[in-house]
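K.L.:
Structure incoming, see below.
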Amino acid sequence: MKTALQRGAANRSDHDPRAAALRVIDQTLTGQEPSQILLDKALRESRMVPSDKGLCTELVYGFLRNAIRLDWNVRQLLREPDNLPREMLLTLELAAYEIVHLRIPAHASVNWAVSRIRNRFGKGLSGVANGVLRAFARDVKAYKSMERYTEALGEREGLAVYYAVPGWVANVWLDAYGPDTARAYLEASSSPPVPAVRVNASREDAVAVRIELMTNGRSEAHPVGPWGLAFPGGAPYIARKLEREGKLSFQSAAVQEMFQALDMPFWPGPVWDACAGRGGKTAAMLERGLSVSVASDSAAGRLSGLPGELARLGFEEGLRPAVLEADVADVPDDPAFASLFGTVLLDVPCSGLGTLARRPEIRFRRSEADVAALTAAQDGLLDAADRHVRDGGCVVYVTCTVNPAENEERVRSFLMRSPGYSLEKEWATPPSSPWHEFFYAAVLVKKGNG
């Protein structure tokens with residue numbers, strides 16, 4: 001069911017980046033679609049100029065990364081926040097985000113929010129909004145002070161609110177890694193991710209493309225492995241042109257580092273990418289010369305764009321894998337599964353805690369109770385993959401989370417019940433990584449029973 005904010009001409013956001021951001025935020029918090037899909041749709045349908053689209057994008061992702069902290073601060077300034085319209089609270093919190101995090105004059109943010117609340121809810125509540133936001137703007141130092149949160153809420157809950165993550169996530173990291181490493185994860189998760197590209201190594205001009213990107217004077221480029229580049233200051237404009245030409249793809253620097261650490265080009269073939277999602281890892285393997293014979297996922301919708309993506313990258317039809325809807329535990333009767341694989345890549349469903357910077361809505365869609373179901377599913381995927389790996393082959397287990405229960409413990413559990421396997425490599429993104437995303441991976445080699 002749509003909320004009031006998602007209905008009616010009064011909420012049109014064709015030209016207003018703040019109103020558009022507010023609608024996307026509301027849709028993200030009340031639905032299940034990823035924020036990226038919702039934002040892309042809103043931008044396509046809007047009549048905003050490019051600069052306003054940029055502001056809208058910053059507001060959506062920045063707000064979601066800081067929503068827990070913003071909500072706590074705004075509620076401190078209200079007598080009975082739960083009795084106010086939800087849309088009003090979101091409007092106040094979005095204006096508060098602008099005041100603290102963007103180079104926009106505070107009076108402009110206050111005026112927009114007060115005017116919107118007056119139009120939506122009347123003069124009385126607009127007066128409340130005016131008082132709250134002016135009080136907030138006068139004491140931004142309190143918002144930025146970690147001690148304020150820990151003194152008011154205690155050490156653990158205070159850290160969670162300051163870094164805008166659910167309390168259970170902060171507890172997992174503090175218990176598993178200690179305060180220093182936990183704070184590194186917390187800080188990264190509340191920061192923007194660093195954009196990165198993967199140059200298409202299968203193209204004849206790959207070296208020239210990489211040099212062109214590295215020498216682009218407007219964007220500092222940091223090498224990531226042999227073909228990746230990360231751009232802390234934002235990707236250069238030319239990257240989108242090169243992407244359209246099939247010469248590169250946008251891919252997380254942390255993913256590229258993981259592939260490099262695991263010696264991906266030397267995995268035994270053929271490869272089955274068994275939880276392929278949208279196929280970014282499939283394409284990366286093909287570009288490095290691996291024989292990927294199957295890319296599958298249990299959700300066909302995720303795979304729908306993969307054939308077109310592989311065509312964009314220049315892979316002829318005969319070199320592309322079979323793209324199939326398939327559950328690892330119950331593969332279809334298809335010739336693609338007639339023989340055993342040299343490698344089964346399992347990028348398993350997980351809590352996603354390593355990608356809070358890129359997918360901030362995970363904060364509101366995962367709970368501690370989800371972990372038990374996820375670990376059971378991860379065990380099932382590992383056991384099912386074993387049936388499709390030849391002796392001497394391997395299972396590559398990958399997650400995008402920071403949680404021992406889904407990472408090291410799952411691998412140890414599999415090795416305990418599968419004595420025919422050995423752990424060849426184990427890798428995790430370092431807590432100090434500048435990319436603000438974290439992956440875990442293990443290469444499990446099947447020795448056979450003989």
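By order in the structure tokens, chains are A, B, ...; within a chain, residues start at 1; ligands start at 1, following the order shown.
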Return as an MDAnalysis selection string the full set of residues in stretch 86-216 of chain A whose backbone-based DSSP assignment is helix (DSSP H, G or I).

P.N.:
chainID A and resid 86:101 106:121 123:138 140:144 146:153 155:162 167:189 206:214

K.L.:
Which residues come within 10 Å of stretch 280-296 of chain A, counting only C-alpha atoms, excluding same-chain residues fewer than 5 positions away, as a ChimeraX atom specification?

P.N.:
/A:198-203,227,249-252,255-256,259,264-275,302-303,306,309-310,313-315,319-328,331,336-337,341-345,347

K.L.:
Can you tell me, as a PyMOL selection string, what residues are no more than 9 Å from A:Arg312 when counting only C-alpha atoms, ignoring any on the same chain fewer than 5 positions away?

P.N.:
chain A and resi 243-247+307

K.L.:
Would you export the selected residues with C-alpha atoms as a short mmCIF file (atom, residue, chain, number, x, y, z; two decimals), in the first residue's frame, please?

P.N.:
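Listed below is the output, selection_17.cif:
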```
data_model
loop_
_atom_site.label_atom_id
_atom_site.label_comp_id
_atom_site.auth_asym_id
_atom_site.auth_seq_id
_atom_site.Cartn_x
_atom_site.Cartn_y
_atom_site.Cartn_z
CA GLU A 243 31.20 1.80 -20.58
CA ARG A 244 28.73 2.26 -23.43
CA GLU A 245 31.44 1.14 -25.84
CA GLY A 246 31.98 -2.09 -23.89
CA LYS A 247 35.48 -1.11 -22.84
CA PRO A 307 22.95 -11.69 -22.23
#
```

K.L.:
Any chance you could list, as a PyMOL selection string, the residues in stretch 134-307 of chain A that come up strand (DSSP E or B) when DSSP is run on the backbone?

P.N.:
chain A and resi 196-199+222-224+228-230+248-250+271-273+292-297

K.L.:
Using only C-alpha atoms, which of A:Arg138, A:Gln27, A:Ala176, A:Leu22 sits nearest A:Thr91?

P.N.:
A:Leu22

K.L.:
Find the residue from A:Ala329, A:Leu78, A:Val411, A:Ala106 that sits nearest to A:Ala384; use only C-alpha atoms when measuring.

P.N.:
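Among the listed residues, the smallest separation from A:Ala384 belongs to A:Ala329.
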
K.L.:
For the contact check between stretch 162-212 of chain A and stretch 365-373 of chain A, emit one row per residue of stretch 162-212 of chain A within 12 Å, containing the shortest atom pair and the distance in Å rounded to one decimal, counting only C-alpha atoms, chain then rising number order, as a tab-separated table.

P.N.:
```
residue	atom	partner	partner_atom	distance
A:Val165	CA	A:Arg366	CA	11.0
A:Pro166	CA	A:Ser367	CA	8.4
A:Gly167	CA	A:Glu368	CA	9.6
A:Trp168	CA	A:Glu368	CA	6.3
A:Val169	CA	A:Glu368	CA	7.8
A:Ala170	CA	A:Glu368	CA	11.1
A:Asn171	CA	A:Glu368	CA	10.3
A:Val172	CA	A:Glu368	CA	9.2
```

K.L.:
Those residues with C-alpha atoms, as a PDB file, in the first residue's frame please?

P.N.:
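And here's selection-v8.pdb as it stands now:
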```pdb
ATOM      1  CA  VAL A 165      23.803   1.218  12.168  1.00  0.00           C
ATOM      2  CA  PRO A 166      21.398  -1.100  14.001  1.00  0.00           C
ATOM      3  CA  GLY A 167      22.532  -1.999  17.503  1.00  0.00           C
ATOM      4  CA  TRP A 168      22.829  -5.686  16.690  1.00  0.00           C
ATOM      5  CA  VAL A 169      25.336  -4.958  13.915  1.00  0.00           C
ATOM      6  CA  ALA A 170      27.535  -2.904  16.234  1.00  0.00           C
ATOM      7  CA  ASN A 171      27.369  -5.715  18.808  1.00  0.00           C
ATOM      8  CA  VAL A 172      28.406  -8.372  16.255  1.00  0.00           C
TER       9      VAL A 172
END
```

K.L.:
Report the distance between atom CA of A:Pro232 and atom CA of A:Glu220 in Å, rounded to one decimal place.

P.N.:
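Rounded to one decimal, the two atoms are 7.1 Å apart.
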
K.L.:
Near stretch 184-194 of chain A, counting only C-alpha atoms, which residues have an atom at most 9 Å away, once you skip same-chain residues fewer than 6 positions from it, shown as a PyMOL selection string?

P.N.:
chain A and resi 61-62+65-66+159-160+163-165+170+173+230-235+252-253+353-358+360+402+431-438

K.L.:
What separation in Å, quoted to one decimal, exists between atom CA of A:Gly54 and atom CA of A:Leu94?

P.N.:
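The value is 15.6 Å.
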
K.L.:
What does the structure give for the distance between atom CA of A:Gly124 and atom CA of A:Met88, in Å to one decimal?

P.N.:
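These atoms are spaced 12.3 Å apart.
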
K.L.:
Determine, counting only C-alpha atoms, which protein, DNA and RNA residues have an atom within 10 Å of an atom of stretch 144-153 of chain A; residues of the same chain fewer than 2 positions away are not included. Present the result as a list in words.

P.N.:
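In the requested form, the answer reads Arg69, Trp72, Asn73, Val100, Asp139, Val140, Lys141, Ala142, Glu155, Arg156, Glu157, Gly158, Leu159, Ala160, Val161, Tyr162 and Tyr163 of chain A.
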
K.L.:
Point out the residue among A:Arg410, A:His388, A:Arg86, A:Arg359 with the least atom-to-atom distance to A:Arg120, counting only C-alpha atoms.

P.N.:
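Of all the options, A:Arg86 lies closest to A:Arg120.
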
K.L.:
Taking only C-alpha atoms into account, which of A:Leu55, A:Leu90, A:Ala254, A:Val132 comes nearest A:Val110?

P.N.:
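Distance minimum relative to A:Val110 lands on A:Val132.
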